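Participant: Sharing data01.cif, mmCIF, C-alpha atoms and all ligand atoms:
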```
data_my_file
#
loop_
_atom_site.label_atom_id
_atom_site.label_comp_id
_atom_site.auth_asym_id
_atom_site.auth_seq_id
_atom_site.Cartn_x
_atom_site.Cartn_y
_atom_site.Cartn_z
CA MET A 79 33.95 -2.10 7.61
CA ALA A 80 32.60 0.56 9.95
CA GLN A 81 29.09 1.65 9.17
CA ARG A 82 28.45 5.21 8.16
CA ARG A 83 26.28 7.42 10.28
CA LEU A 84 24.14 9.90 8.37
CA ARG A 85 21.91 12.71 9.55
CA ARG A 86 18.19 12.12 9.89
CA ASP A 87 17.57 14.60 7.10
CA ASP A 88 19.57 12.48 4.68
CA TYR A 89 16.78 9.89 4.52
CA THR A 90 14.23 10.55 1.80
CA VAL A 91 12.34 7.26 1.42
CA GLY A 92 10.29 5.54 4.12
CA TRP A 93 9.77 1.79 3.88
CA ILE A 94 7.11 0.17 6.04
CA CYS A 95 6.54 -3.53 6.59
CA ALA A 96 4.30 -5.48 8.93
CA LEU A 97 6.13 -8.72 9.70
CA PRO A 98 9.66 -9.62 10.81
CA ILE A 99 10.10 -11.80 7.70
CA GLU A 100 9.37 -8.73 5.55
CA LEU A 101 11.80 -6.64 7.56
CA ALA A 102 14.49 -9.30 7.12
CA ALA A 103 14.00 -9.26 3.34
CA ALA A 104 14.27 -5.47 3.24
CA GLN A 105 17.42 -5.44 5.37
CA GLU A 106 19.06 -8.10 3.22
CA LEU A 107 18.49 -6.06 0.07
CA LEU A 108 20.21 -2.94 1.43
CA ASP A 109 23.37 -2.17 -0.51
CA GLU A 110 24.82 -0.53 2.58
CA GLU A 111 23.67 -0.51 6.19
CA HIS A 112 23.96 2.68 8.22
CA GLU A 113 24.48 3.20 11.90
CA ASP A 114 21.44 4.29 13.92
CA VAL A 115 20.81 7.96 14.34
CA GLU A 116 20.32 9.37 17.81
CA HIS A 117 17.12 8.05 19.33
CA ASP A 118 14.21 10.34 19.96
CA GLU A 119 12.65 9.43 23.31
CA ASN A 120 9.14 10.14 22.05
CA ASP A 121 9.52 7.75 19.15
CA HIS A 122 8.77 4.08 19.88
CA ASN A 123 9.64 2.86 16.39
CA LEU A 124 12.91 1.03 15.83
CA TYR A 125 14.44 1.88 12.47
CA SER A 126 16.83 0.15 10.13
CA LEU A 127 18.77 2.62 8.03
CA GLY A 128 20.71 2.15 4.86
CA ARG A 129 21.23 2.74 1.20
CA MET A 130 19.32 0.92 -1.49
CA ALA A 131 19.52 1.63 -5.22
CA ASP A 132 21.23 4.98 -4.52
CA GLN A 133 18.51 6.17 -2.13
CA ASN A 134 18.91 6.60 1.62
CA ILE A 135 16.01 4.73 3.12
CA VAL A 136 14.56 4.30 6.57
CA ILE A 137 12.85 0.98 7.22
CA VAL A 138 10.38 0.33 10.00
CA CYS A 139 8.39 -2.76 10.95
CA LEU A 140 5.09 -2.73 12.86
CA PRO A 141 5.48 -3.81 16.50
CA ALA A 142 5.45 -7.60 16.91
CA GLY A 143 1.94 -9.01 16.94
CA LEU A 144 0.31 -5.82 15.73
CA ILE A 145 -0.97 -5.78 12.18
CA GLY A 146 -3.66 -3.79 10.43
CA ASN A 147 -4.61 -0.29 9.42
CA ASN A 148 -4.33 1.46 12.76
CA PRO A 149 -0.86 0.26 13.79
CA ALA A 150 0.35 1.03 10.26
CA ALA A 151 -0.96 4.59 10.47
CA ALA A 152 0.61 5.09 13.91
CA VAL A 153 4.02 3.83 12.82
CA ALA A 154 3.98 5.96 9.66
CA THR A 155 3.00 9.08 11.59
CA GLN A 156 5.89 8.55 13.99
CA MET A 157 8.32 7.95 11.15
CA LYS A 158 7.28 11.16 9.42
CA ALA A 159 7.79 13.11 12.63
CA THR A 160 11.28 11.72 13.19
CA PHE A 161 12.52 11.69 9.61
CA LYS A 162 11.33 15.02 8.35
CA SER A 163 12.96 14.75 4.93
CA VAL A 164 11.09 11.61 3.89
CA ARG A 165 9.35 12.32 0.56
CA PHE A 166 7.26 9.20 0.09
CA GLY A 167 6.82 5.69 1.31
CA LEU A 168 6.70 2.12 0.20
CA MET A 169 4.55 -0.44 2.00
CA VAL A 170 6.23 -3.71 1.19
CA GLY A 171 5.22 -7.19 2.18
CA ILE A 172 2.92 -10.12 1.59
CA GLY A 173 -0.71 -10.29 0.56
CA GLY A 174 -3.43 -12.71 -0.47
CA GLY A 175 -3.98 -12.97 -4.21
CA VAL A 176 -7.25 -12.96 -6.13
CA PRO A 177 -6.88 -15.31 -9.09
CA SER A 178 -9.38 -14.69 -11.87
CA THR A 179 -9.86 -15.13 -15.58
CA ASP A 180 -8.62 -11.56 -16.03
CA SER A 181 -5.53 -11.91 -13.85
CA ASP A 182 -3.56 -15.12 -13.73
CA ILE A 183 -2.11 -14.48 -10.29
CA ARG A 184 0.16 -17.16 -8.87
CA LEU A 185 1.93 -17.57 -5.55
CA GLY A 186 5.19 -15.64 -5.65
CA ASP A 187 3.83 -13.02 -8.06
CA VAL A 188 3.79 -9.36 -7.05
CA VAL A 189 0.86 -6.92 -6.98
CA ILE A 190 1.40 -3.14 -7.04
CA SER A 191 -1.28 -0.57 -6.29
CA GLN A 192 -2.18 1.52 -9.32
CA PRO A 193 -5.22 3.73 -9.99
CA GLN A 194 -7.86 1.94 -12.00
CA LYS A 195 -11.59 2.00 -12.70
CA GLY A 196 -12.13 5.18 -10.73
CA TYR A 197 -10.26 4.01 -7.64
CA GLY A 198 -6.92 5.30 -6.44
CA GLY A 199 -5.22 1.92 -6.27
CA VAL A 200 -6.35 0.91 -2.78
CA ILE A 201 -9.92 0.38 -1.60
CA GLN A 202 -11.08 -0.13 1.96
CA TYR A 203 -13.66 -2.84 1.48
CA ASP A 204 -14.84 -3.16 5.09
CA PHE A 205 -15.78 0.49 5.50
CA VAL A 206 -19.56 0.25 5.31
CA LYS A 207 -21.99 3.14 5.09
CA THR A 208 -25.73 2.80 5.56
CA VAL A 209 -27.79 4.32 2.77
CA PRO A 210 -31.58 4.29 2.19
CA SER A 211 -31.35 1.36 -0.21
CA GLY A 212 -29.39 -0.78 2.24
CA PHE A 213 -25.67 -0.35 2.69
CA GLN A 214 -22.75 0.59 0.56
CA ARG A 215 -19.10 -0.23 0.93
CA THR A 216 -17.26 3.05 0.69
CA GLY A 217 -14.09 4.71 1.78
CA PHE A 218 -11.91 7.44 0.40
CA ILE A 219 -8.36 6.45 -0.35
CA ASN A 220 -5.70 8.63 -1.91
CA CYS A 221 -3.65 7.70 -4.99
CA PRO A 222 0.02 6.79 -4.83
CA PRO A 223 2.37 9.78 -5.42
CA LEU A 224 2.81 10.73 -9.07
CA MET A 225 6.53 10.13 -9.02
CA LEU A 226 6.00 6.54 -7.97
CA LEU A 227 3.34 6.04 -10.64
CA SER A 228 5.79 7.37 -13.21
CA ALA A 229 8.39 4.93 -11.93
CA ILE A 230 5.86 2.12 -12.34
CA ALA A 231 5.25 3.08 -15.96
CA LYS A 232 8.97 2.97 -16.61
CA MET A 233 9.36 -0.33 -14.81
CA ARG A 234 6.53 -1.90 -16.82
CA ALA A 235 8.25 -0.84 -20.01
CA SER A 236 11.54 -2.36 -18.91
CA HIS A 237 9.74 -5.60 -17.99
CA LEU A 238 8.16 -5.69 -21.45
CA ARG A 239 11.65 -5.34 -22.89
CA GLN A 240 12.75 -8.21 -20.66
CA ARG A 241 15.16 -6.00 -18.77
CA SER A 242 13.69 -6.64 -15.34
CA LYS A 243 16.08 -6.56 -12.41
CA LEU A 244 13.64 -8.41 -10.19
CA ALA A 245 15.32 -11.80 -10.42
CA GLU A 246 18.75 -10.26 -9.90
CA TYR A 247 17.65 -8.46 -6.74
CA ALA A 248 15.68 -11.47 -5.45
CA SER A 249 18.75 -13.68 -5.91
CA LYS A 250 20.48 -11.68 -3.15
CA LEU A 251 18.27 -13.61 -0.74
CA SER A 252 19.12 -17.02 -2.12
CA HIS A 253 21.80 -17.74 0.48
CA LEU A 254 19.07 -17.79 3.11
CA GLN A 255 17.27 -21.12 2.99
CA GLU A 256 13.94 -19.77 4.18
CA PHE A 257 13.60 -17.34 1.27
CA ASN A 258 14.08 -19.98 -1.40
CA ARG A 259 11.21 -20.89 -3.64
CA GLU A 260 11.80 -24.60 -3.02
CA ALA A 261 11.07 -24.04 0.69
CA ALA A 262 7.59 -22.79 -0.21
CA GLY A 263 6.26 -25.99 -1.77
CA PRO A 264 3.74 -26.44 -4.58
CA ASP A 265 1.37 -23.72 -5.78
CA ILE A 266 -2.15 -25.14 -5.60
CA LEU A 267 -5.38 -23.24 -6.22
CA TYR A 268 -8.69 -24.80 -5.19
CA GLU A 269 -12.11 -24.07 -6.63
CA ALA A 270 -13.64 -21.07 -4.86
CA THR A 271 -16.59 -23.05 -3.51
CA TYR A 272 -14.44 -25.82 -2.06
CA GLU A 273 -13.60 -25.25 1.62
CA HIS A 274 -10.44 -26.46 3.33
CA GLU A 275 -10.81 -29.88 5.00
CA GLY A 276 -8.84 -28.89 8.08
CA GLY A 277 -5.31 -29.20 9.42
CA SER A 278 -2.29 -26.97 8.83
CA THR A 279 -1.73 -28.21 5.27
CA CYS A 280 -3.99 -29.25 2.42
CA SER A 281 -2.99 -32.91 2.65
CA SER A 282 -6.61 -33.89 3.32
CA CYS A 283 -8.06 -31.63 0.64
CA ARG A 284 -9.48 -33.28 -2.49
CA THR A 285 -7.20 -33.27 -5.51
CA ASP A 286 -10.19 -33.21 -7.89
CA LYS A 287 -11.08 -29.76 -6.53
CA ARG A 288 -7.83 -28.21 -7.70
CA VAL A 289 -8.06 -25.66 -10.50
CA ASP A 290 -6.14 -26.69 -13.61
CA ARG A 291 -3.87 -23.88 -14.72
CA PRO A 292 -1.28 -23.76 -17.49
CA ARG A 293 2.26 -24.30 -16.27
CA ARG A 294 4.48 -21.28 -15.85
CA ARG A 295 8.14 -21.18 -16.58
CA ALA A 296 9.96 -22.03 -13.36
CA GLU A 297 10.78 -19.12 -11.04
CA GLU A 298 9.00 -16.62 -13.24
CA THR A 299 7.57 -13.74 -11.22
CA ILE A 300 4.88 -11.69 -12.88
CA VAL A 301 4.06 -8.23 -11.57
CA HIS A 302 0.38 -7.25 -11.68
CA TYR A 303 -0.84 -3.65 -11.41
CA GLY A 304 -4.25 -2.56 -10.15
CA ILE A 305 -6.55 -2.48 -7.16
CA ILE A 306 -5.54 -3.69 -3.73
CA ALA A 307 -8.30 -4.30 -1.19
CA SER A 308 -7.45 -3.35 2.36
CA GLY A 309 -9.42 -4.33 5.47
CA ASN A 310 -9.04 -4.95 9.17
CA GLN A 311 -9.72 -8.69 8.99
CA VAL A 312 -7.80 -11.41 7.21
CA MET A 313 -9.65 -12.47 4.05
CA ARG A 314 -9.93 -16.26 4.18
CA HIS A 315 -13.05 -17.13 2.20
CA ALA A 316 -12.84 -17.57 -1.55
CA THR A 317 -16.48 -16.79 -2.26
CA GLU A 318 -16.36 -13.57 -0.23
CA ARG A 319 -13.04 -12.76 -1.90
CA ASP A 320 -14.63 -13.05 -5.32
CA THR A 321 -17.75 -11.11 -4.28
CA VAL A 322 -15.71 -8.15 -3.02
CA SER A 323 -13.50 -8.28 -6.09
CA ALA A 324 -16.53 -8.20 -8.42
CA GLU A 325 -18.03 -5.31 -6.49
CA PHE A 326 -14.96 -3.17 -7.19
CA GLY A 327 -14.53 -4.26 -10.78
CA GLY A 328 -11.63 -6.60 -10.12
CA VAL A 329 -9.32 -6.67 -7.12
CA LEU A 330 -5.86 -8.24 -7.36
CA CYS A 331 -4.93 -8.68 -3.74
CA PHE A 332 -6.14 -8.45 -0.13
CA GLU A 333 -4.07 -7.02 2.70
CA MET A 334 -4.49 -5.16 5.99
CA GLU A 335 -2.35 -2.04 6.17
CA ALA A 336 -2.68 0.08 3.03
CA ALA A 337 -5.95 1.80 3.93
CA GLY A 338 -4.39 3.10 7.15
CA LEU A 339 -1.51 4.69 5.30
CA MET A 340 -2.56 6.18 2.01
CA ASN A 341 -4.33 9.31 3.22
CA SER A 342 -1.54 10.52 5.48
CA PHE A 343 1.55 8.84 4.10
CA PRO A 344 1.74 8.93 0.29
CA CYS A 345 3.01 5.53 -0.67
CA LEU A 346 3.01 2.69 -3.11
CA ILE A 347 1.77 -0.70 -1.94
CA ILE A 348 3.85 -3.64 -3.10
CA ARG A 349 2.61 -7.10 -2.16
CA GLY A 350 4.16 -10.48 -2.78
CA ILE A 351 1.42 -13.09 -3.14
CA CYS A 352 1.67 -15.79 -0.45
CA ASP A 353 -1.82 -17.33 -0.58
CA TYR A 354 -5.16 -17.04 -2.37
CA SER A 355 -7.19 -15.34 0.41
CA ASP A 356 -9.15 -18.56 0.87
CA SER A 357 -9.66 -21.17 3.60
CA HIS A 358 -6.69 -23.19 2.32
CA LYS A 359 -4.21 -20.44 3.14
CA ASN A 360 -1.12 -21.31 5.15
CA LYS A 361 2.21 -19.60 5.80
CA ARG A 362 4.53 -21.65 3.62
CA TRP A 363 4.91 -19.08 0.84
CA GLN A 364 5.30 -16.07 3.15
CA ALA A 365 9.10 -15.85 3.16
CA TYR A 366 9.50 -16.24 -0.58
CA ALA A 367 6.67 -13.77 -1.26
CA ALA A 368 8.21 -11.27 1.19
CA GLY A 369 11.50 -11.61 -0.68
CA VAL A 370 10.07 -10.93 -4.13
CA SER A 371 8.05 -7.96 -2.86
CA ALA A 372 11.24 -6.43 -1.41
CA ALA A 373 13.12 -7.12 -4.65
CA CYS A 374 10.34 -5.42 -6.61
CA ALA A 375 10.42 -2.41 -4.27
CA LYS A 376 14.15 -2.15 -4.85
CA GLU A 377 13.58 -2.17 -8.59
CA VAL A 378 11.06 0.67 -8.23
CA LEU A 379 13.61 2.66 -6.23
CA SER A 380 16.31 1.99 -8.79
CA ILE A 381 14.20 3.72 -11.45
CA ILE A 382 13.80 7.05 -9.63
CA PRO A 383 16.79 9.41 -9.88
CA PRO A 384 17.74 10.52 -6.33
CA ALA A 385 17.96 14.12 -7.57
CA ASP A 386 14.28 13.99 -8.52
CA ILE A 387 13.32 12.86 -5.05
CA ALA A 388 15.28 15.72 -3.52
CA LYS A 389 13.25 18.17 -5.62
CA THR A 390 9.92 17.11 -4.10
CA SER A 391 8.63 18.46 -0.81
CA PRO A 392 9.18 16.56 2.43
CA LEU A 393 6.04 15.07 3.96
CA GLU A 394 6.48 17.26 7.00
CA ASP A 395 5.85 20.32 4.80
CA ILE A 396 2.91 18.72 3.08
CA PHE A 397 1.26 17.24 6.14
CA GLY A 398 2.16 19.93 8.65
CA LYS A 399 1.30 19.05 12.23
CA ASP A 400 -1.45 21.57 12.79
CA SER A 401 -2.79 22.29 9.32
CA ARG A 402 -5.31 19.49 9.37
CA GLY A 403 -7.03 20.44 12.61
CA GLN A 404 -6.94 24.13 11.82
CA ILE A 405 -8.52 23.84 8.42
CA GLU A 406 -11.10 21.42 9.71
CA GLN A 407 -12.01 24.17 12.16
CA ASP A 408 -12.06 26.75 9.37
CA TYR A 409 -14.60 24.66 7.58
CA LYS A 410 -16.82 24.30 10.62
CA ASP A 411 -16.67 28.06 11.07
CA ALA A 412 -17.67 28.60 7.47
CA HIS A 413 -21.21 27.30 8.16
CA ILE A 414 -21.54 25.53 4.89
CA ARG A 415 -25.09 24.54 4.17
CA GLU A 416 -26.42 21.46 2.51
CA GLY A 417 -25.58 21.26 -1.16
CA GLU A 418 -23.61 24.49 -1.02
CA SER A 419 -20.26 24.72 -2.66
CA ALA A 420 -17.33 26.02 -0.69
CA SER A 421 -13.81 26.87 -1.55
CA LEU A 422 -10.68 27.53 0.39
CA GLN A 423 -8.12 29.39 -1.58
CA ASP A 424 -4.72 27.83 -1.92
CA THR A 425 -5.93 24.59 -0.51
CA TYR A 426 -5.67 21.06 -1.69
CA CYS A 427 -8.04 18.52 -0.31
CA ILE A 428 -6.21 15.34 0.55
CA GLY A 429 -9.06 13.35 1.84
CA ALA A 430 -12.51 13.35 3.26
CA SER A 431 -14.58 10.76 4.97
CA ILE A 432 -17.20 9.64 2.56
CA PRO A 433 -20.26 11.20 4.28
CA PHE A 434 -18.86 14.51 3.12
CA CYS A 435 -18.45 13.49 -0.45
CA CYS A 436 -21.01 15.06 -2.70
CA GLY A 437 -20.38 12.22 -5.12
CA LYS A 438 -20.13 14.58 -8.06
CA HIS A 439 -16.41 14.98 -8.46
CA GLU A 440 -14.17 12.60 -10.25
CA SER A 441 -11.17 14.66 -9.32
CA VAL A 442 -10.59 17.98 -7.66
CA PRO A 443 -7.60 19.93 -8.86
CA ALA A 444 -5.71 22.29 -6.63
CA ASN A 445 -7.49 25.46 -5.53
CA SER A 446 -10.81 24.30 -6.88
CA CYS A 447 -14.17 24.37 -5.30
CA ILE A 448 -15.16 21.42 -3.18
CA ALA A 449 -18.82 20.79 -2.62
CA LEU A 450 -19.77 19.34 0.70
CA ASP A 451 -22.95 17.81 1.88
CA LEU A 452 -22.84 18.61 5.55
CA ALA A 453 -26.46 18.25 6.46
CA SER A 454 -26.88 14.59 5.64
CA GLU A 455 -24.24 13.10 7.91
CA LYS A 456 -23.17 15.75 10.38
CA SER A 457 -22.00 13.50 13.12
CA SER A 458 -19.30 11.47 11.46
CA ALA A 459 -18.00 14.04 9.05
CA SER A 460 -14.42 15.12 8.84
CA VAL A 461 -12.47 16.78 6.07
CA TYR A 462 -8.75 17.04 5.75
CA PHE A 463 -6.97 19.75 3.86
CA ILE A 464 -3.41 20.66 3.33
CA LEU A 465 -1.87 23.96 2.45
CA SER A 466 -0.43 24.68 -0.94
CA GLY A 467 3.23 25.01 -1.74
CA SER A 468 3.66 21.31 -2.26
CA ASP A 469 3.62 19.14 -5.34
CA ILE A 470 0.96 16.76 -4.16
CA SER A 471 -1.88 18.08 -6.31
CA GLY A 472 -1.48 15.39 -8.91
CA SER A 473 -1.75 12.62 -6.41
CA PHE A 474 -5.09 13.69 -5.09
CA CYS A 475 -8.18 11.94 -6.35
CA TRP A 476 -11.77 12.31 -5.35
CA TYR A 477 -14.09 9.58 -6.40
CA SER A 478 -17.78 9.32 -6.66
CA TYR A 479 -19.32 6.08 -5.46
ZN ZN B 501 -7.00 -27.06 1.92
#
```
Spell out the structure here as structure tokens.

Facilitator:
Amino acid sequence: MAQRRLRRDDYTVGWICALPIELAAAQELLDEEHEDVEHDENDHNLYSLGRMADQNIVIVCLPAGLIGNNPAAAVATQMKATFKSVRFGLMVGIGGGVPSTDSDIRLGDVVISQPQKGYGGVIQYDFVKTVPSGFQRTGFINCPPLMLLSAIAKMRASHLRQRSKLAEYASKLSHLQEFNREAAGPDILYEATYEHEGGSTCSSCRTDKRVDRPRRRAEETIVHYGIIASGNQVMRHATERDTVSAEFGGVLCFEMEAAGLMNSFPCLIIRGICDYSDSHKNKRWQAYAAGVSAACAKEVLSIIPPADIAKTSPLEDIFGKDSRGQIEQDYKDAHIREGESASLQDTYCIGASIPFCCGKHESVPANSCIALDLASEKSSASVYFILSGSDISGSFCWYSY
């Protein structure tokens, strides 16, 4: 059957992934594939277009070999510029789990970013600021869009009622050998203090160092909701993993792209767990984990009525090309002094580097006063604002550290 060709403006959901295996999973779960739209010569992204759960979505993968926060931000920015009707995004792929007594995370489970314990759902753990008492890990990260958080609430309820569609969607990948759970092998967790003995598998690792965990029902995928830690390096040490997690009151997963996206591309982070962020990590669970993360993303999409998406503002309106630089300039011109409060009428703050944060606000509603502490860290300060007329106010959070 000939593929349909839609207009760029027909696409309302942006889907970003980092690896070809994640892209393959996303493409397989499309209910309908669409023909490419005309290529924009300034856009280096290659898109896959289609329909999934009644939404027209545009999928993009980071360029081969490039992973991390900066490539993710660049790809998202380009996507927003080309597909001006995109309302929100999903970052879908694999991540390293953080098993703990609070969260029984297994390989093949899914972790979704959700605000918790004063954080917006994603923390950037390798953003370090020097303070008089030593140093502090800080970083401002936005919350996922409200509509997606509402969809999560509804999805959790349907999972509690055992009406999950996750297994049904994931089964669409079962004809591809690589995505099968059997291809992934056993799920083994080692004690955090026990380092990998070497080699590409754990065949030389001591069996008495394995953590005893109760058996799960076969093929059961549990979705966990909470904090995702994002950094520019791969986390591969269990003790460091647990230290960072404790510092932020419990992290569920480590990955490398979310921090680059959240402040300019409102999105939900959905990660299939493929290893335990420790020295024993290998790639065997990646395909299966990529598949379940894509299936979970499809379930999230299936919960949001397309008409509701159409009612929200496109990102292009919210993150207008010039508004950020202009308002930054407005603030510089305002000569705000140390400790002084400032306000810009009809403005929402969508993010600020942490040196600016006065540390006093838990959240700043639209049109409110935002106190800045300019004098302490002049050099590295930057503040981003967006104009009103959008519905993003609820997704903005400002945290004190
Ligand atoms: Zn090992």

Participant: How far is it from atom CA of Gln194 of chain A to atom CA of Ile172 of chain A, in Å with one decimal?

Facilitator: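 Calculated distance between atom CA of Gln194 of chain A and atom CA of Ile172 of chain A is 21.1 Å.
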
Participant: Point out the residue among A:Thr321, A:Ile351, A:Gly276, A:Ile305 with the least atom-to-atom distance to ligand ZN 501 (chain B), counting all atoms listed in the file.

Facilitator: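 Closest candidate: A:Gly276.
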
Participant: Could the residues of chain A that have an atom at most 9 Å from ligand ZN 501 (chain B) be listed as CSV, each with its closest atom pair and the distance in Å to one decimal, counting all atoms listed in the file and ordered by chain and ascending residue number?

Facilitator:
```
residue,atom,partner,partner_atom,distance
A:Tyr268,CA,B:ZN501,ZN,7.6
A:Tyr272,CA,B:ZN501,ZN,8.5
A:Glu273,CA,B:ZN501,ZN,6.9
A:His274,CA,B:ZN501,ZN,3.8
A:Glu275,CA,B:ZN501,ZN,5.7
A:Gly276,CA,B:ZN501,ZN,6.7
A:Gly277,CA,B:ZN501,ZN,8.0
A:Ser278,CA,B:ZN501,ZN,8.4
A:Thr279,CA,B:ZN501,ZN,6.3
A:Cys280,CA,B:ZN501,ZN,3.8
A:Ser281,CA,B:ZN501,ZN,7.1
A:Ser282,CA,B:ZN501,ZN,7.0
A:Cys283,CA,B:ZN501,ZN,4.9
A:Arg284,CA,B:ZN501,ZN,8.0
A:Asp356,CA,B:ZN501,ZN,8.8
A:Ser357,CA,B:ZN501,ZN,6.7
A:His358,CA,B:ZN501,ZN,3.9
A:Lys359,CA,B:ZN501,ZN,7.3
A:Asn360,CA,B:ZN501,ZN,8.8
```

Participant: Figure out the distance between atom CA of Pro392 of chain A and atom CA of Leu101 of chain A, please, to one decimal in Å.

Facilitator: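 Calculated distance between atom CA of Leu101 of chain A and atom CA of Pro392 of chain A is 23.9 Å.
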
Participant: Nearest to Leu244 of chain A among A:Arg129, A:Lys376, A:Arg291, A:Arg314, with distances taken over all atoms listed in the file: which residue is it?

Facilitator: A:Lys376

Participant: Enter the distance from atom CA of His112 of chain A to atom CA of Lys232 of chain A, in Å, rounded to one decimal.

Facilitator: 29.0 Å

Participant: Contacts of segment 178-189 of chain A at 6 Å or less, counting all atoms listed in the file, minus same-chain residues fewer than 6 places along, as number ranges by chain?

Facilitator: A: 299-303, 348-352, 367

Participant: Rank A:Ala159, A:Val289, A:Ile135, A:Ala154 by their smallest atom-to-atom distance to Asn120 of chain A, using all atoms listed in the file, and report the top residue only.

Facilitator: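 Using all atoms listed in the file, Asn120 of chain A sits closest to A:Ala159.
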
Participant: Taking all atoms listed in the file into account, name the residue in A:Leu226, A:Ala373, A:Val176, A:Ala231 that is nearest to Glu318 of chain A.

Facilitator: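 For Glu318 of chain A, the nearest of the given residues is A:Val176.
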
Participant: Residues proximal to (8.0, -3.0, 11.8) were defined as those with any atom within 10 Å of that point in the file's coordinates, counting all atoms listed in the file. Which are they, as a list in words?

Facilitator: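 Residues with an atom at most 10 Å from (8.0, -3.0, 11.8): Trp93, Ile94, Cys95, Ala96, Leu97, Pro98, Ile99, Glu100, Leu101, Asn123, Leu124, Tyr125, Ser126, Ile137, Val138, Cys139, Leu140, Pro141, Ala142, Gly143, Leu144, Ile145, Pro149, Ala150 and Val153 of chain A.
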
Participant: Can you spit out the residues from that selection as a PDB file, in the coordinates of the input, using C-alpha atoms?

Facilitator:
```pdb
ATOM      1  CA  TRP A  93       9.770   1.790   3.880  1.00  0.00           C
ATOM      2  CA  ILE A  94       7.110   0.170   6.040  1.00  0.00           C
ATOM      3  CA  CYS A  95       6.540  -3.530   6.590  1.00  0.00           C
ATOM      4  CA  ALA A  96       4.300  -5.480   8.930  1.00  0.00           C
ATOM      5  CA  LEU A  97       6.130  -8.720   9.700  1.00  0.00           C
ATOM      6  CA  PRO A  98       9.660  -9.620  10.810  1.00  0.00           C
ATOM      7  CA  ILE A  99      10.100 -11.800   7.700  1.00  0.00           C
ATOM      8  CA  GLU A 100       9.370  -8.730   5.550  1.00  0.00           C
ATOM      9  CA  LEU A 101      11.800  -6.640   7.560  1.00  0.00           C
ATOM     10  CA  ASN A 123       9.640   2.860  16.390  1.00  0.00           C
ATOM     11  CA  LEU A 124      12.910   1.030  15.830  1.00  0.00           C
ATOM     12  CA  TYR A 125      14.440   1.880  12.470  1.00  0.00           C
ATOM     13  CA  SER A 126      16.830   0.150  10.130  1.00  0.00           C
ATOM     14  CA  ILE A 137      12.850   0.980   7.220  1.00  0.00           C
ATOM     15  CA  VAL A 138      10.380   0.330  10.000  1.00  0.00           C
ATOM     16  CA  CYS A 139       8.390  -2.760  10.950  1.00  0.00           C
ATOM     17  CA  LEU A 140       5.090  -2.730  12.860  1.00  0.00           C
ATOM     18  CA  PRO A 141       5.480  -3.810  16.500  1.00  0.00           C
ATOM     19  CA  ALA A 142       5.450  -7.600  16.910  1.00  0.00           C
ATOM     20  CA  GLY A 143       1.940  -9.010  16.940  1.00  0.00           C
ATOM     21  CA  LEU A 144       0.310  -5.820  15.730  1.00  0.00           C
ATOM     22  CA  ILE A 145      -0.970  -5.780  12.180  1.00  0.00           C
ATOM     23  CA  PRO A 149      -0.860   0.260  13.790  1.00  0.00           C
ATOM     24  CA  ALA A 150       0.350   1.030  10.260  1.00  0.00           C
ATOM     25  CA  VAL A 153       4.020   3.830  12.820  1.00  0.00           C
TER      26      VAL A 153
END
```

Participant: Of the residues A:Arg234, A:Asp353, A:Phe332, A:Ala307, which is the one nearest to Gln202 of chain A, using all atoms listed in the file?

Facilitator: A:Ala307

Participant: Find the spatial neighbours of Val115 of chain A, counting only C-alpha atoms, within a cut-off of 12 Å - ignore same-chain residues fewer than 5 positions away - and output them as a list of chain:residue names.

Facilitator: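 Here the answer would be A:Gln81, A:Arg82, A:Arg83, A:Leu84, A:Arg85, A:Arg86, A:Asp87, A:Asp88, A:Tyr89, A:Leu124, A:Tyr125, A:Ser126, A:Leu127, A:Gly128, A:Val136, A:Thr160, A:Phe161.
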